[in-house]
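What's in coords.cif: mmCIF, C-alpha atoms
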```
data_input
loop_
_atom_site.group_PDB
_atom_site.id
_atom_site.type_symbol
_atom_site.label_atom_id
_atom_site.label_comp_id
_atom_site.auth_asym_id
_atom_site.auth_seq_id
_atom_site.Cartn_x
_atom_site.Cartn_y
_atom_site.Cartn_z
ATOM 1 C CA MET A 20 12.151 6.506 -13.272
ATOM 2 C CA ARG A 21 13.731 3.422 -14.805
ATOM 3 C CA ASN A 22 16.030 1.066 -12.963
ATOM 4 C CA ARG A 23 18.325 -1.893 -13.556
ATOM 5 C CA LEU A 24 17.411 -3.739 -10.394
ATOM 6 C CA ARG A 25 16.026 -6.831 -12.120
ATOM 7 C CA GLU A 26 19.061 -6.988 -14.411
ATOM 8 C CA LEU A 27 21.561 -6.629 -11.547
ATOM 9 C CA ARG A 28 19.687 -9.167 -9.465
ATOM 10 C CA ALA A 29 19.631 -11.634 -12.378
ATOM 11 C CA GLU A 30 23.407 -11.221 -12.900
ATOM 12 C CA ARG A 31 23.928 -12.381 -9.323
ATOM 13 C CA GLU A 32 21.226 -15.069 -9.598
ATOM 14 C CA TRP A 33 19.467 -13.673 -6.578
ATOM 15 C CA SER A 34 15.763 -14.235 -6.008
ATOM 16 C CA GLN A 35 13.471 -11.338 -5.160
ATOM 17 C CA ALA A 36 13.039 -12.854 -1.710
ATOM 18 C CA TYR A 37 16.810 -12.944 -1.157
ATOM 19 C CA LEU A 38 17.233 -9.339 -2.313
ATOM 20 C CA ALA A 39 14.330 -8.289 -0.109
ATOM 21 C CA GLU A 40 15.997 -9.937 2.862
ATOM 22 C CA LYS A 41 19.295 -8.169 2.098
ATOM 23 C CA LEU A 42 17.518 -4.805 1.840
ATOM 24 C CA GLU A 43 15.291 -5.497 4.862
ATOM 25 C CA VAL A 44 12.117 -4.833 2.865
ATOM 26 C CA SER A 45 9.285 -7.052 1.653
ATOM 27 C CA ARG A 46 9.455 -9.057 -1.595
ATOM 28 C CA GLN A 47 6.432 -7.026 -2.637
ATOM 29 C CA SER A 48 8.560 -3.860 -2.396
ATOM 30 C CA VAL A 49 11.367 -5.336 -4.497
ATOM 31 C CA ASN A 50 8.843 -6.378 -7.114
ATOM 32 C CA ALA A 51 7.203 -2.936 -7.124
ATOM 33 C CA ILE A 52 10.582 -1.246 -7.621
ATOM 34 C CA GLU A 53 11.646 -3.656 -10.378
ATOM 35 C CA THR A 54 8.420 -3.207 -12.299
ATOM 36 C CA GLY A 55 8.587 0.588 -11.974
ATOM 37 C CA LYS A 56 5.409 0.825 -9.908
ATOM 38 C CA TYR A 57 7.309 2.409 -7.072
ATOM 39 C CA ASP A 58 10.363 4.663 -6.891
ATOM 40 C CA PRO A 59 12.275 4.027 -3.663
ATOM 41 C CA SER A 60 13.153 6.760 -1.196
ATOM 42 C CA LEU A 61 16.680 8.164 -1.252
ATOM 43 C CA PRO A 62 17.825 6.116 1.796
ATOM 44 C CA LEU A 63 16.571 2.892 0.176
ATOM 45 C CA ALA A 64 18.104 3.836 -3.168
ATOM 46 C CA PHE A 65 21.459 4.360 -1.397
ATOM 47 C CA LYS A 66 21.073 0.990 0.312
ATOM 48 C CA ILE A 67 20.444 -0.685 -3.057
ATOM 49 C CA ALA A 68 23.440 1.097 -4.569
ATOM 50 C CA ARG A 69 25.684 0.021 -1.682
ATOM 51 C CA LEU A 70 24.508 -3.578 -1.954
ATOM 52 C CA PHE A 71 25.314 -3.745 -5.684
ATOM 53 C CA GLU A 72 28.472 -1.637 -5.206
ATOM 54 C CA LYS A 73 27.342 0.911 -7.771
ATOM 55 C CA ARG A 74 26.435 4.573 -7.841
ATOM 56 C CA ILE A 75 22.731 5.419 -7.609
ATOM 57 C CA GLU A 76 22.707 6.814 -11.147
ATOM 58 C CA GLU A 77 24.119 3.539 -12.443
ATOM 59 C CA ILE A 78 21.007 1.798 -11.177
ATOM 60 C CA PHE A 79 18.309 4.455 -11.422
ATOM 61 C CA GLU A 80 17.814 6.843 -14.280
ATOM 62 C CA GLU A 81 15.150 9.278 -15.385
ATOM 63 C CA GLU A 82 13.005 8.162 -18.317
ATOM 64 C CA GLN A 83 14.131 11.306 -20.169
ATOM 65 C CA THR A 84 17.831 10.481 -19.710
ATOM 66 C CA ARG A 85 17.559 7.081 -21.372
ATOM 67 C CA GLU A 86 15.497 8.450 -24.256
ATOM 68 C CA THR A 87 18.068 11.132 -25.103
ATOM 69 C CA VAL A 88 21.130 8.858 -24.805
ATOM 70 C CA MET B 20 -4.212 -6.144 5.820
ATOM 71 C CA SER B 21 -1.426 -6.729 3.366
ATOM 72 C CA THR B 22 1.635 -6.781 5.519
ATOM 73 C CA SER B 23 3.787 -9.355 3.713
ATOM 74 C CA GLY B 24 4.528 -10.899 7.103
ATOM 75 C CA THR B 25 6.496 -7.980 8.520
ATOM 76 C CA SER B 26 6.744 -7.844 12.305
ATOM 77 C CA ALA B 27 4.823 -4.531 12.337
ATOM 78 C CA GLY B 28 2.093 -6.165 10.245
ATOM 79 C CA LYS B 29 1.832 -9.122 12.604
ATOM 80 C CA ARG B 30 1.595 -6.776 15.599
ATOM 81 C CA TYR B 31 -1.098 -4.797 13.753
ATOM 82 C CA GLN B 32 -3.162 -7.938 13.097
ATOM 83 C CA GLY B 33 -2.871 -9.008 16.745
ATOM 84 C CA ARG B 34 -3.936 -5.583 17.990
ATOM 85 C CA VAL B 35 -6.890 -5.400 15.595
ATOM 86 C CA LEU B 36 -8.030 -8.820 16.789
ATOM 87 C CA VAL B 37 -7.843 -7.659 20.418
ATOM 88 C CA THR B 38 -9.841 -4.464 19.707
ATOM 89 C CA MET B 39 -12.465 -6.439 17.774
ATOM 90 C CA LEU B 40 -12.861 -9.003 20.579
ATOM 91 C CA LEU B 41 -13.038 -6.137 23.068
ATOM 92 C CA PHE B 42 -15.715 -4.469 20.948
ATOM 93 C CA VAL B 43 -17.855 -7.631 20.868
ATOM 94 C CA ALA B 44 -17.531 -8.082 24.644
ATOM 95 C CA VAL B 45 -18.235 -4.416 25.473
ATOM 96 C CA MET B 46 -21.146 -4.275 23.025
ATOM 97 C CA TYR B 47 -22.686 -7.390 24.552
ATOM 98 C CA VAL B 48 -22.367 -6.007 28.092
ATOM 99 C CA ALA B 49 -23.687 -2.554 27.071
ATOM 100 C CA VAL B 50 -26.752 -4.011 25.334
ATOM 101 C CA TRP B 51 -27.419 -6.282 28.318
ATOM 102 C CA ILE B 52 -27.209 -3.360 30.775
ATOM 103 C CA VAL B 53 -29.490 -1.130 28.684
ATOM 104 C CA LYS B 54 -32.008 -3.932 28.187
ATOM 105 C CA HIS B 55 -32.134 -5.089 31.802
ATOM 106 C CA THR B 56 -31.504 -1.993 33.912
ATOM 107 C CA HIS B 57 -33.086 0.711 31.695
ATOM 108 C CA PRO B 58 -30.601 3.448 32.588
ATOM 109 C CA HIS B 59 -31.231 7.039 31.548
ATOM 110 C CA GLY B 60 -29.551 10.432 31.534
ATOM 111 C CA TRP B 61 -25.744 10.643 31.616
ATOM 112 C CA LEU B 62 -25.427 6.942 32.532
ATOM 113 C CA LEU B 63 -27.268 5.897 29.363
ATOM 114 C CA TYR B 64 -25.097 8.226 27.264
ATOM 115 C CA THR B 65 -21.956 6.813 28.860
ATOM 116 C CA ILE B 66 -23.014 3.196 28.298
ATOM 117 C CA ALA B 67 -23.957 3.994 24.695
ATOM 118 C CA LEU B 68 -20.543 5.520 24.027
ATOM 119 C CA VAL B 69 -18.375 2.835 25.642
ATOM 120 C CA PRO B 70 -18.644 0.359 22.682
ATOM 121 C CA ALA B 71 -17.403 3.131 20.389
ATOM 122 C CA LEU B 72 -14.048 3.190 22.199
ATOM 123 C CA PRO B 73 -12.694 -0.141 20.854
ATOM 124 C CA MET B 74 -13.900 0.829 17.370
ATOM 125 C CA LEU B 75 -12.064 4.142 17.565
ATOM 126 C CA ALA B 76 -9.053 2.342 19.012
ATOM 127 C CA THR B 77 -8.645 0.551 15.667
ATOM 128 C CA LEU B 78 -7.748 3.945 14.171
ATOM 129 C CA GLY B 79 -5.010 4.240 16.788
ATOM 130 C CA VAL B 80 -3.870 0.724 15.898
ATOM 131 C CA LEU B 81 -3.668 1.767 12.240
ATOM 132 C CA ALA B 82 -1.691 4.896 13.136
ATOM 133 C CA ARG B 83 0.706 2.789 15.191
ATOM 134 C CA TYR B 84 1.172 0.373 12.290
ATOM 135 C CA LEU B 85 2.119 3.297 10.050
ATOM 136 C CA GLN B 86 4.650 4.411 12.657
ATOM 137 C CA GLU B 87 6.133 0.954 13.159
ATOM 138 C CA GLU B 88 6.178 -0.360 9.581
ATOM 139 C CA LYS B 89 9.743 -0.023 8.294
ATOM 140 C CA ASP B 90 8.883 -1.096 4.742
ATOM 141 C CA GLU B 91 8.165 2.160 2.904
ATOM 142 C CA TYR B 92 6.212 0.502 0.070
ATOM 143 C CA LEU B 93 3.874 -1.300 2.473
ATOM 144 C CA ARG B 94 3.416 2.013 4.299
ATOM 145 C CA LEU B 95 2.477 3.632 0.988
ATOM 146 C CA ILE B 96 -0.066 0.882 0.288
ATOM 147 C CA ALA B 97 -1.631 1.373 3.720
ATOM 148 C CA MET B 98 -1.743 5.157 3.217
ATOM 149 C CA ARG B 99 -3.367 4.804 -0.228
ATOM 150 C CA SER B 100 -5.944 2.411 1.208
ATOM 151 C CA LEU B 101 -6.698 4.771 4.083
ATOM 152 C CA LEU B 102 -7.203 7.572 1.608
ATOM 153 C CA VAL B 103 -9.557 5.512 -0.554
ATOM 154 C CA GLY B 104 -11.477 4.366 2.536
ATOM 155 C CA ALA B 105 -11.835 7.909 3.880
ATOM 156 C CA ALA B 106 -12.766 9.354 0.473
ATOM 157 C CA THR B 107 -15.399 6.670 -0.136
ATOM 158 C CA LEU B 108 -16.926 7.172 3.298
ATOM 159 C CA LEU B 109 -16.993 10.969 2.891
ATOM 160 C CA THR B 110 -18.593 10.618 -0.536
ATOM 161 C CA VAL B 111 -21.332 8.349 0.814
ATOM 162 C CA LEU B 112 -21.971 10.659 3.787
ATOM 163 C CA VAL B 113 -22.092 13.857 1.721
ATOM 164 C CA VAL B 114 -24.396 12.331 -0.915
ATOM 165 C CA ASN B 115 -26.624 10.921 1.825
ATOM 166 C CA ASP B 116 -26.701 14.318 3.606
ATOM 167 C CA PHE B 117 -27.935 16.058 0.451
ATOM 168 C CA LEU B 118 -30.497 13.351 -0.276
ATOM 169 C CA ARG B 119 -31.786 13.556 3.294
ATOM 170 C CA SER B 120 -31.992 17.331 3.392
ATOM 171 C CA MET B 121 -33.549 17.851 -0.043
ATOM 172 C CA SER B 122 -35.581 14.764 -0.794
ATOM 173 C CA GLY B 123 -36.284 13.282 2.607
ATOM 174 C CA ALA B 124 -34.271 10.130 1.956
ATOM 175 C CA ALA B 125 -33.442 7.876 4.904
ATOM 176 C CA ALA B 126 -30.138 8.159 6.732
ATOM 177 C CA ILE B 127 -27.595 5.403 6.236
ATOM 178 C CA PRO B 128 -28.064 2.699 8.920
ATOM 179 C CA PRO B 129 -26.168 2.935 12.234
ATOM 180 C CA PHE B 130 -22.575 1.670 12.099
ATOM 181 C CA ALA B 131 -22.701 1.520 8.269
ATOM 182 C CA SER B 132 -20.063 4.254 8.091
ATOM 183 C CA TRP B 133 -17.574 2.064 9.948
ATOM 184 C CA VAL B 134 -18.304 -0.898 7.686
ATOM 185 C CA ILE B 135 -17.991 1.258 4.540
ATOM 186 C CA PHE B 136 -14.632 2.613 5.688
ATOM 187 C CA PHE B 137 -13.069 -0.717 6.687
ATOM 188 C CA VAL B 138 -14.450 -2.698 3.756
ATOM 189 C CA THR B 139 -13.168 -0.104 1.260
ATOM 190 C CA PHE B 140 -9.836 0.092 3.094
ATOM 191 C CA SER B 141 -9.432 -3.706 3.085
ATOM 192 C CA VAL B 142 -10.540 -4.182 -0.533
ATOM 193 C CA THR B 143 -8.133 -1.462 -1.719
ATOM 194 C CA GLN B 144 -5.263 -3.176 0.104
ATOM 195 C CA ALA B 145 -6.215 -6.574 -1.295
ATOM 196 C CA VAL B 146 -6.394 -5.223 -4.854
ATOM 197 C CA GLN B 147 -2.931 -3.666 -4.557
ATOM 198 C CA THR B 148 -1.483 -6.859 -3.086
ATOM 199 C CA ILE B 149 -2.986 -9.054 -5.816
ATOM 200 C CA ARG B 150 -1.721 -6.629 -8.467
ATOM 201 C CA ASP B 151 1.812 -6.900 -7.048
ATOM 202 C CA ARG B 152 1.744 -10.698 -6.828
ATOM 203 C CA VAL B 153 3.868 -11.875 -9.726
ATOM 204 C CA ARG B 154 6.129 -14.867 -10.062
ATOM 205 C CA ASP B 155 9.644 -14.457 -8.725
ATOM 206 C CA ASP B 156 11.587 -15.234 -11.863
ATOM 207 C CA ALA B 157 15.129 -15.576 -10.558
#
```

Full structure transcribed into structure tokens:
Amino acid sequence: MRNRLRELRAEREWSQAYLAEKLEVSRQSVNAIETGKYDPSLPLAFKIARLFEKRIEEIFEEEQTRETV
Amino acid sequence: MSTSGTSAGKRYQGRVLVTMLLFVAVMYVAVWIVKHTHPHGWLLYTIALVPALPMLATLGVLARYLQEEKDEYLRLIAMRSLLVGAATLLTVLVVNDFLRSMSGAAAIPPFASWVIFFVTFSVTQAVQTIRDRVRDDA
């Protein structure tokens, strides 16, 4: 799964620590999601989507989807 | 344990410290009693087993951490580490069992199993934490 978390965070000039605080998770978790080491659960993905005011699929996408687009 | 300073992680560390201090105290008292009063029968068995209770309590402390930790990624790290610790310990025990039964090798020393499990568990957690430690670039 790919995601645009780092990109969206950079647009807002938020630090990983700030985003982690907003999402009520550790900075380590934010980093793991951004680097693709960890795919968040559905509740956390919804929380991220709500925070950035986007739909989940605007932030997360399957590797296959991006390759075929 | 890698807990990234979460409240569940801090509670876990406090509880582990308490169980370890309890273990040292109980072990000291048990050894003293056995050495000075030479108990036997059920009393000796009971005294010998009492120091195991704080050690086993650390497993309960770990289970409680997994229940209380709200950060799903940190929970995953703890679960992975538990799995590696358990798998390593089982591997050592099974290999040692075969060596003992077929070639007369010595058994692993007392309490080594506990050390193997917790060292492997802790090292696995540390490796994952170090791997995740990158500069916050924004």

- Task: Can you turn the PyMOL selection byres ((chain A) within 7 of (chain B)) into a concrete residue list for this file, as number ranges by chain?
- Result: A: 29, 32-35, 44-45, 47-48, 51

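Taking atom CA of Thr54 of chain A as the reference point, atom CA of Asn22 of chain A is found at 8.8 Å.
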
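The space between atom CA of Leu24 of chain A and atom CA of Glu53 of chain A spans 5.8 Å.
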
- For segment 54-66 of chain B, list every protein, DNA or RNA residue within 10 Å, evaluated using only C-alpha atoms, and leave out those in the same chain fewer than 6 positions away; present the list as a PyMOL selection string. chain B and resi 45-46+48

Keeping only C-alpha atoms, write the selected residues as an mmCIF file, keeping the file's coordinate frame.
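The file below, result36.cif, is the result:
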```cif
data_model
loop_
_atom_site.group_PDB
_atom_site.id
_atom_site.type_symbol
_atom_site.label_atom_id
_atom_site.label_comp_id
_atom_site.auth_asym_id
_atom_site.auth_seq_id
_atom_site.Cartn_x
_atom_site.Cartn_y
_atom_site.Cartn_z
ATOM 1 C CA VAL B 45 -18.235 -4.416 25.473
ATOM 2 C CA MET B 46 -21.146 -4.275 23.025
ATOM 3 C CA VAL B 48 -22.367 -6.007 28.092
#
```

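When you apply the PyMOL selection byres ((chain B and resi 128-133) around 12) to this structure, what comes back is B:Pro70, B:Ala71, B:Met74, B:Leu75, B:Thr77, B:Leu78, B:Gly104, B:Ala105, B:Ala106, B:Thr107, B:Leu108, B:Leu109, B:Thr110, B:Val111, B:Leu112, B:Val113, B:Asn115, B:Ala124, B:Ala125, B:Ala126, B:Ile127, B:Val134, B:Ile135, B:Phe136, B:Phe137, B:Val138, B:Thr139, B:Phe140.
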
- Message: Every residue with an atom at most 8 Å from (1.3, 1.2, 9.6) (file coordinates; only C-alpha atoms) is what I'm after, so could you write them as a PyMOL selection string?
- Response: chain B and resi 27-28+31+81-88+93-94+97

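Here atom CA of Arg28 of chain A stands at a distance of 19.9 Å from atom CA of Glu81 of chain A.
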
- Query: Skipping near chain neighbours, those fewer than 4 positions away, what residues fall within 12 Å of Leu61 of chain A using all atoms listed in the file, listed as a ChimeraX atom specification?
  - Reply: /A:65-68,75-76,79 /B:91

- Which is closer to Glu43 of chain A than all the others in A:Met20, A:Ile78, A:Leu27, A:Leu70, using only C-alpha atoms? A:Leu70
